Every structure is written in C-alpha cells, then in structure tokens.
Amino acid sequence: MSYLRATLFMFFIHAIFAGIGWAIYGNQGAVVATGIALVFHIAVFWKADTLVLRANKAQEVDENHPSPMVRAFVKECRDLSSSAGMICPRLFIMDAHQPNAFAVGRDALHASIAVTNGLLMTLNRAETRAVIAHELAHVKRGDSLSMGIASAVSGLLNRLTWIFFAPLGLSAISSRFISRTVAQIFASKAREHAADRDGAKICGKPLDLASALEKIERNTVSLLNPVAEKNPATAHIYVVDPLHASKRTHRSSHPATEKRIARLRRIAEDLDNKDNAKTESRY
C-alpha cells in the first residue's frame, strides 16, 4: 500500500506538470513539462531522504561519536537490525529539544533513521531501543519510501508557493493548504499501528514502546519542533505527531497515542499469556 500511494502521488504530480505545460504552450508545452516532471520524479525518488534529512539539519553519527549517549543509540540500532535480519540504516541526530524520531529511505538498503537529542535525553535506554525498533519496522515494511517522498515533495511545493504567491500575499495560506493536502494523502493510522506491532516484535518489549510513546506525547505537547511547524506535511514521518497540540485536528496523521498505548498493552498481555501457557505445559 505504501508503494502504491507513492506511485499514485507521483503520477498526480506528473499530471499537474503536464497540465500546466499544456495550458500555457499547448501540446509542445505538455511534452516539455512531462520531461521536467520525469527529471523531478527521478530526483525525488533518489534524493527524497537527503532532502528530508537536510531540512531537519540532521547530522550523521557512528560508533566514534564523542557522546556516550549517541554511541549507545548507534549500538542499539545495530544490534536490533542484526536481530531483525536487516542492514543497519544510516543514523542521524537532530538538534531539537522535542523528543521524536523518523525513518526515510527508498528501501531497506538505503534507509536512514534520525532521532532528536531530546529523545535520547528524555527516554531511558530500553525506551529508546523500542522507538528504534518502531522505525526499523517502518523500513522493513517499505513505509519509509512513501513517507520520505511525501515530505520531500511537500517541501519543494511549499517553496514554489512562496515564490509564486508571495507577491499576492497568499504564500502562507497556499503553503498550509498544500501541506495539509499532502499530509492527508499519506496519513495512515493503520501504518502506525502496524509499525507499533512489528516494532514490539523486533525489540521484544511492547511495554517499553508504550512507555516511550507516553513520554514522547507528553513532551511533544509542550515542546515545539520548529522544522515540523514550518512544514506540517512532514508530521506523518515522525513516531508521534510533532505539531503543537493547538495545531492538531481530528485528521491528524497519527492515531491517538492513548489508543496506540492500549494496543501495545494488549500485545504485552497476549505475550504473557502465551508464555504462561508454555510454562504450564512443561509441567
């Protein structure tokens, strides 16, 4: 479904390019615009993750980072990737007080996971491990492709609206409209529930992820994410909606955090019941 949405979205953008070209220059304009759209598609497909990471001013890190906290993050991601049978994604740190994280990349071989300083400082190691597992689940499921494409395209379109509508004083309105439209196309509450479920399997601790989500939600409401606030269409890529509570609506890109936590607790209960049943069968 993620790949289908990405394909349909790119086709939609392609049609817009061709339509504008035809309206201005007729058939020749449509052909030229189609060529431009093709270049645009290729660039977005191959560089969407780079654009998103750059927009968030994310810095790549490895096991040689001077901070023990960051080195622990790198180790946990590598250990979890290995246990999940995956290649460890490239790892990035964002300088933001708000605890949050996201994954982007066109496939499992070209994926990146970025977390904020706030997340590493707010969560304990077990909870950080659970969030990493959630993001690895997105990568494994192929969600990171569509999530990255939507964020990159919305960012580019936002810049274009500012250029074309600024003289009319409509740039901010147009930008918000585009962001909301793009966010709605890629918003998927089922996707987040699935990543929670698969992430819980990868880390083996559903309650750790539930605890992490609870802490992130509590801090997200009070701490701003300036990058996400400027471009609301990127909200869907984060583990928890990064927008301030006053800007969230019933059409949020994420399911209610309380519901996610409740589901994770049910998963934990089911696992406990299975373990107890196995223990009893041995006797």
# chains A, B, ... in the order shown; residues from 1 in each chain; ligands from 1
call {"tool": "residues_around", "arguments": {"residues": "segment 209-218 of chain A", "least_positions_apart": "6", "cutoff": "7 Å", "atoms": "only C-alpha atoms", "output": "VMD selection string"}}
result
chain A and resid 99 to 100 123 127 130 to 131 200 240 257 261 264
call {"tool": "write_last_selection", "arguments": {"atoms": "N, CA and C atoms", "output": "PDB file, in the first residue's frame"}}
result
ATOM      1  N   PRO A  99      11.405  15.399  21.978  1.00  0.00           N
ATOM      2  CA  PRO A  99      11.761  14.008  21.709  1.00  0.00           C
ATOM      3  C   PRO A  99      10.953  13.459  20.541  1.00  0.00           C
ATOM      4  N   ASN A 100      11.619  12.978  19.507  1.00  0.00           N
ATOM      5  CA  ASN A 100      10.920  12.414  18.359  1.00  0.00           C
ATOM      6  C   ASN A 100      11.916  11.695  17.468  1.00  0.00           C
ATOM      7  N   LEU A 123      14.203   9.713  27.056  1.00  0.00           N
ATOM      8  CA  LEU A 123      13.886   8.296  27.229  1.00  0.00           C
ATOM      9  C   LEU A 123      15.050   7.543  27.855  1.00  0.00           C
ATOM     10  N   GLU A 127      13.559   2.298  26.390  1.00  0.00           N
ATOM     11  CA  GLU A 127      12.544   3.009  25.620  1.00  0.00           C
ATOM     12  C   GLU A 127      13.101   3.499  24.288  1.00  0.00           C
ATOM     13  N   ALA A 130      13.147   0.682  21.947  1.00  0.00           N
ATOM     14  CA  ALA A 130      11.814   0.370  21.418  1.00  0.00           C
ATOM     15  C   ALA A 130      11.430   1.321  20.285  1.00  0.00           C
ATOM     16  N   VAL A 131      11.790   2.605  20.408  1.00  0.00           N
ATOM     17  CA  VAL A 131      11.498   3.564  19.335  1.00  0.00           C
ATOM     18  C   VAL A 131      12.303   3.211  18.089  1.00  0.00           C
ATOM     19  N   ALA A 200       7.301  -3.844  18.278  1.00  0.00           N
ATOM     20  CA  ALA A 200       7.252  -4.579  19.549  1.00  0.00           C
ATOM     21  C   ALA A 200       7.850  -5.974  19.381  1.00  0.00           C
ATOM     22  N   VAL A 240       5.636  10.189  16.709  1.00  0.00           N
ATOM     23  CA  VAL A 240       4.452  10.829  17.288  1.00  0.00           C
ATOM     24  C   VAL A 240       4.280  12.170  16.592  1.00  0.00           C
ATOM     25  N   THR A 257      -2.414   8.667  20.579  1.00  0.00           N
ATOM     26  CA  THR A 257      -1.351   7.959  21.295  1.00  0.00           C
ATOM     27  C   THR A 257      -1.932   7.020  22.358  1.00  0.00           C
ATOM     28  N   ILE A 261      -1.008   3.072  22.800  1.00  0.00           N
ATOM     29  CA  ILE A 261      -0.520   2.514  24.066  1.00  0.00           C
ATOM     30  C   ILE A 261      -1.412   1.358  24.519  1.00  0.00           C
ATOM     31  N   LEU A 264      -0.622  -1.726  22.512  1.00  0.00           N
ATOM     32  CA  LEU A 264       0.659  -2.318  22.924  1.00  0.00           C
ATOM     33  C   LEU A 264       0.511  -3.066  24.242  1.00  0.00           C
TER      34      LEU A 264
END
call {"tool": "residues_around", "arguments": {"residues": "segment 54-56 of chain A", "least_positions_apart": "2", "cutoff": "7 Å", "atoms": "only C-alpha atoms", "output": "PyMOL selection string"}}
result
chain A and resi 50-52+58+94+227
call {"tool": "select_by_dssp", "arguments": {"residues": "segment 14-99 of chain A", "states": "strand (DSSP E or B)", "output": "count of residues only"}}
result
8
call {"tool": "residues_around", "arguments": {"residues": "His244 of chain A", "least_positions_apart": "6", "cutoff": "12 Å", "atoms": "only C-alpha atoms", "output": "PyMOL selection string"}}
result
chain A and resi 98+217-230+232+235+252
call {"tool": "write_last_selection", "arguments": {"atoms": "all heavy atoms", "output": "short mmCIF file (atom, residue, chain, number, x, y, z; two decimals), in the first residue's frame"}}
result
data_model
loop_
_atom_site.label_atom_id
_atom_site.label_comp_id
_atom_site.auth_asym_id
_atom_site.auth_seq_id
_atom_site.Cartn_x
_atom_site.Cartn_y
_atom_site.Cartn_z
N GLN A 98 12.50 18.69 21.47
CA GLN A 98 11.35 17.80 21.43
C GLN A 98 11.80 16.36 21.15
O GLN A 98 12.50 16.11 20.18
CB GLN A 98 10.38 18.24 20.34
CG GLN A 98 9.10 17.43 20.30
CD GLN A 98 8.29 17.68 19.04
OE1 GLN A 98 8.53 17.06 18.01
NE2 GLN A 98 7.34 18.61 19.12
N GLU A 217 4.69 11.77 23.76
CA GLU A 217 3.45 12.53 23.63
C GLU A 217 3.40 13.65 24.67
O GLU A 217 3.05 14.79 24.34
CB GLU A 217 2.24 11.59 23.82
CG GLU A 217 0.89 12.29 23.85
CD GLU A 217 0.51 12.89 22.52
OE1 GLU A 217 1.02 12.43 21.48
OE2 GLU A 217 -0.32 13.83 22.51
N ARG A 218 3.74 13.34 25.89
CA ARG A 218 3.68 14.35 26.96
C ARG A 218 4.62 15.52 26.67
O ARG A 218 4.27 16.68 26.86
CB ARG A 218 4.04 13.68 28.29
CG ARG A 218 3.91 14.63 29.49
CD ARG A 218 4.00 13.88 30.80
NE ARG A 218 5.27 13.21 30.98
CZ ARG A 218 5.44 11.90 31.01
NH1 ARG A 218 4.40 11.09 30.85
NH2 ARG A 218 6.63 11.37 31.20
N ASN A 219 5.82 15.21 26.18
CA ASN A 219 6.80 16.26 25.90
C ASN A 219 6.52 16.98 24.58
O ASN A 219 6.84 18.16 24.43
CB ASN A 219 8.21 15.67 25.86
CG ASN A 219 8.75 15.38 27.25
OD1 ASN A 219 9.32 16.24 27.91
ND2 ASN A 219 8.54 14.15 27.72
N THR A 220 5.93 16.26 23.62
CA THR A 220 5.63 16.86 22.33
C THR A 220 4.60 17.97 22.45
O THR A 220 4.65 18.98 21.75
CB THR A 220 5.13 15.79 21.34
OG1 THR A 220 6.14 14.82 21.13
CG2 THR A 220 4.76 16.41 20.00
N VAL A 221 3.66 17.80 23.36
CA VAL A 221 2.62 18.79 23.56
C VAL A 221 3.21 20.11 24.07
O VAL A 221 2.74 21.20 23.73
CB VAL A 221 1.57 18.26 24.56
CG1 VAL A 221 0.61 19.37 24.97
CG2 VAL A 221 0.79 17.10 23.94
N SER A 222 4.28 20.02 24.87
CA SER A 222 4.83 21.23 25.49
C SER A 222 6.05 21.80 24.77
O SER A 222 6.39 22.97 24.96
CB SER A 222 5.20 20.93 26.95
OG SER A 222 6.16 19.87 27.03
N LEU A 223 6.73 20.98 23.96
CA LEU A 223 7.94 21.43 23.28
C LEU A 223 7.72 21.50 21.77
O LEU A 223 7.21 20.56 21.17
CB LEU A 223 9.11 20.48 23.58
CG LEU A 223 9.53 20.38 25.04
CD1 LEU A 223 10.57 19.27 25.22
CD2 LEU A 223 10.09 21.71 25.54
N LEU A 224 8.10 22.61 21.16
CA LEU A 224 7.89 22.81 19.72
C LEU A 224 8.99 22.15 18.90
O LEU A 224 10.14 22.02 19.33
CB LEU A 224 7.86 24.30 19.40
CG LEU A 224 6.67 25.10 19.94
CD1 LEU A 224 6.83 26.57 19.55
CD2 LEU A 224 5.36 24.55 19.41
N ASN A 225 8.61 21.74 17.69
CA ASN A 225 9.55 21.27 16.68
C ASN A 225 9.50 22.30 15.55
O ASN A 225 8.60 22.24 14.70
CB ASN A 225 9.15 19.88 16.18
CG ASN A 225 10.15 19.32 15.18
OD1 ASN A 225 10.70 20.04 14.35
ND2 ASN A 225 10.37 18.02 15.25
N PRO A 226 10.42 23.26 15.52
CA PRO A 226 10.34 24.36 14.55
C PRO A 226 10.25 23.91 13.10
O PRO A 226 9.51 24.50 12.31
CB PRO A 226 11.63 25.14 14.82
CG PRO A 226 11.97 24.84 16.25
CD PRO A 226 11.56 23.41 16.43
N VAL A 227 11.02 22.88 12.73
CA VAL A 227 11.02 22.41 11.34
C VAL A 227 9.64 21.87 10.96
O VAL A 227 9.10 22.18 9.90
CB VAL A 227 12.09 21.33 11.12
CG1 VAL A 227 11.98 20.74 9.72
CG2 VAL A 227 13.48 21.93 11.33
N ALA A 228 9.06 21.04 11.82
CA ALA A 228 7.74 20.47 11.53
C ALA A 228 6.65 21.53 11.52
O ALA A 228 5.71 21.46 10.73
CB ALA A 228 7.42 19.39 12.56
N GLU A 229 6.78 22.51 12.40
CA GLU A 229 5.78 23.58 12.44
C GLU A 229 5.77 24.37 11.14
O GLU A 229 4.72 24.83 10.69
CB GLU A 229 6.07 24.53 13.62
CG GLU A 229 5.92 23.89 14.99
CD GLU A 229 4.48 23.53 15.33
OE1 GLU A 229 3.57 24.19 14.80
OE2 GLU A 229 4.28 22.60 16.12
N LYS A 230 6.94 24.55 10.52
CA LYS A 230 7.01 25.29 9.26
C LYS A 230 6.43 24.48 8.11
O LYS A 230 5.94 25.05 7.14
CB LYS A 230 8.47 25.66 8.96
CG LYS A 230 9.05 26.73 9.87
CD LYS A 230 10.48 27.02 9.48
CE LYS A 230 11.08 28.09 10.39
NZ LYS A 230 12.51 28.37 10.05
N PRO A 232 3.93 21.38 8.01
CA PRO A 232 3.10 20.36 8.67
C PRO A 232 3.00 19.05 7.90
O PRO A 232 2.68 18.02 8.49
CB PRO A 232 1.72 21.04 8.74
CG PRO A 232 2.02 22.50 8.69
CD PRO A 232 3.20 22.63 7.78
N ALA A 235 4.75 15.98 9.23
CA ALA A 235 4.34 15.42 10.53
C ALA A 235 4.17 13.91 10.48
O ALA A 235 4.45 13.21 11.46
CB ALA A 235 3.05 16.09 10.99
N SER A 252 -5.50 14.17 12.20
CA SER A 252 -4.06 14.05 12.45
C SER A 252 -3.51 12.86 11.68
O SER A 252 -4.19 11.86 11.42
CB SER A 252 -3.82 13.85 13.95
OG SER A 252 -2.48 13.50 14.20
#
call {"tool": "atom_distance", "arguments": {"atom1": "atom CA of Ala37 of chain A", "atom2": "atom CA of Ser112 of chain A"}}
result
25.8 Å
call {"tool": "residues_around", "arguments": {"residues": "Glu63 of chain A", "least_positions_apart": "6", "cutoff": "12 Å", "atoms": "only C-alpha atoms", "output": "NGL selection string"}}
result
:A and (69-78 or 90-92)
call {"tool": "select_by_dssp", "arguments": {"residues": "segment 32-112 of chain A", "states": "alpha helix (DSSP H)", "output": "ChimeraX atom specification"}}
result
/A:32-55,68-83
call {"tool": "residues_around", "arguments": {"residues": "segment 193-196 of chain A", "least_positions_apart": "3", "cutoff": "9 Å", "atoms": "only C-alpha atoms", "output": "list in words"}}
result
Val131, Ala133, His134, Glu135, Leu136, Ala137, His138, Arg141, Lys189, Ala190, Gly199, Ala200, Lys201, Pro206, Leu209, Ala210, Pro255, Arg260, Arg263 and Leu264 of chain A
call {"tool": "atom_distance", "arguments": {"atom1": "atom CA of Leu207 of chain A", "atom2": "atom CA of Asn117 of chain A"}}
result
22.4 Å
call {"tool": "residues_around", "arguments": {"residues": "Leu38 of chain A", "least_positions_apart": "5", "cutoff": "12 Å", "atoms": "only C-alpha atoms", "output": "short mmCIF file (atom, residue, chain, number, x, y, z; two decimals) with C-alpha atoms, in the first residue's frame"}}
result
data_model
loop_
_atom_site.label_atom_id
_atom_site.label_comp_id
_atom_site.auth_asym_id
_atom_site.auth_seq_id
_atom_site.Cartn_x
_atom_site.Cartn_y
_atom_site.Cartn_z
CA MET A 10 3.99 10.84 -8.25
CA PHE A 11 1.51 10.25 -11.09
CA ILE A 13 2.32 15.44 -9.64
CA HIS A 14 3.21 14.32 -13.18
CA ALA A 15 -0.32 15.14 -14.38
CA PHE A 17 3.16 19.34 -14.59
CA ALA A 18 1.77 18.17 -17.94
CA VAL A 31 5.80 17.35 -23.76
CA VAL A 32 8.39 19.66 -22.22
CA ALA A 33 6.58 19.68 -18.87
CA ALA A 43 15.41 13.30 -8.31
CA VAL A 44 12.76 12.89 -5.62
CA PHE A 45 12.93 9.08 -5.69
#
call {"tool": "atom_distance", "arguments": {"atom1": "atom CA of Pro89 of chain A", "atom2": "atom CA of Ile113 of chain A"}}
result
6.3 Å
call {"tool": "decode", "arguments": {"residues": "segment 124-137 of chain A", "atoms": "N, CA and C atoms", "output": "PDB file, in the first residue's frame"}}
result
ATOM      1  N   ASN A 124      14.721   6.463  28.562  1.00  0.00           N
ATOM      2  CA  ASN A 124      15.791   5.591  29.033  1.00  0.00           C
ATOM      3  C   ASN A 124      16.224   4.682  27.897  1.00  0.00           C
ATOM      4  N   ARG A 125      17.240   3.877  28.124  1.00  0.00           N
ATOM      5  CA  ARG A 125      17.821   3.098  27.036  1.00  0.00           C
ATOM      6  C   ARG A 125      16.824   2.082  26.465  1.00  0.00           C
ATOM      7  N   ALA A 126      16.047   1.451  27.335  1.00  0.00           N
ATOM      8  CA  ALA A 126      15.072   0.456  26.865  1.00  0.00           C
ATOM      9  C   ALA A 126      14.002   1.112  25.997  1.00  0.00           C
ATOM     10  N   GLU A 127      13.559   2.298  26.390  1.00  0.00           N
ATOM     11  CA  GLU A 127      12.544   3.009  25.620  1.00  0.00           C
ATOM     12  C   GLU A 127      13.101   3.499  24.288  1.00  0.00           C
ATOM     13  N   THR A 128      14.349   3.967  24.301  1.00  0.00           N
ATOM     14  CA  THR A 128      14.994   4.382  23.044  1.00  0.00           C
ATOM     15  C   THR A 128      15.108   3.196  22.105  1.00  0.00           C
ATOM     16  N   ARG A 129      15.461   2.057  22.656  1.00  0.00           N
ATOM     17  CA  ARG A 129      15.569   0.827  21.867  1.00  0.00           C
ATOM     18  C   ARG A 129      14.227   0.484  21.209  1.00  0.00           C
ATOM     19  N   ALA A 130      13.147   0.682  21.947  1.00  0.00           N
ATOM     20  CA  ALA A 130      11.814   0.370  21.418  1.00  0.00           C
ATOM     21  C   ALA A 130      11.430   1.321  20.285  1.00  0.00           C
ATOM     22  N   VAL A 131      11.790   2.605  20.408  1.00  0.00           N
ATOM     23  CA  VAL A 131      11.498   3.564  19.335  1.00  0.00           C
ATOM     24  C   VAL A 131      12.303   3.211  18.089  1.00  0.00           C
ATOM     25  N   ILE A 132      13.553   2.831  18.268  1.00  0.00           N
ATOM     26  CA  ILE A 132      14.376   2.402  17.131  1.00  0.00           C
ATOM     27  C   ILE A 132      13.714   1.215  16.438  1.00  0.00           C
ATOM     28  N   ALA A 133      13.195   0.279  17.231  1.00  0.00           N
ATOM     29  CA  ALA A 133      12.524  -0.894  16.659  1.00  0.00           C
ATOM     30  C   ALA A 133      11.303  -0.479  15.848  1.00  0.00           C
ATOM     31  N   HIS A 134      10.563   0.510  16.332  1.00  0.00           N
ATOM     32  CA  HIS A 134       9.409   1.035  15.593  1.00  0.00           C
ATOM     33  C   HIS A 134       9.847   1.582  14.235  1.00  0.00           C
ATOM     34  N   GLU A 135      10.935   2.343  14.217  1.00  0.00           N
ATOM     35  CA  GLU A 135      11.414   2.908  12.956  1.00  0.00           C
ATOM     36  C   GLU A 135      11.967   1.824  12.031  1.00  0.00           C
ATOM     37  N   LEU A 136      12.619   0.831  12.590  1.00  0.00           N
ATOM     38  CA  LEU A 136      13.089  -0.296  11.772  1.00  0.00           C
ATOM     39  C   LEU A 136      11.904  -1.029  11.142  1.00  0.00           C
ATOM     40  N   ALA A 137      10.806  -1.102  11.870  1.00  0.00           N
ATOM     41  CA  ALA A 137       9.601  -1.736  11.325  1.00  0.00           C
ATOM     42  C   ALA A 137       9.096  -0.969  10.116  1.00  0.00           C
TER      43      ALA A 137
END
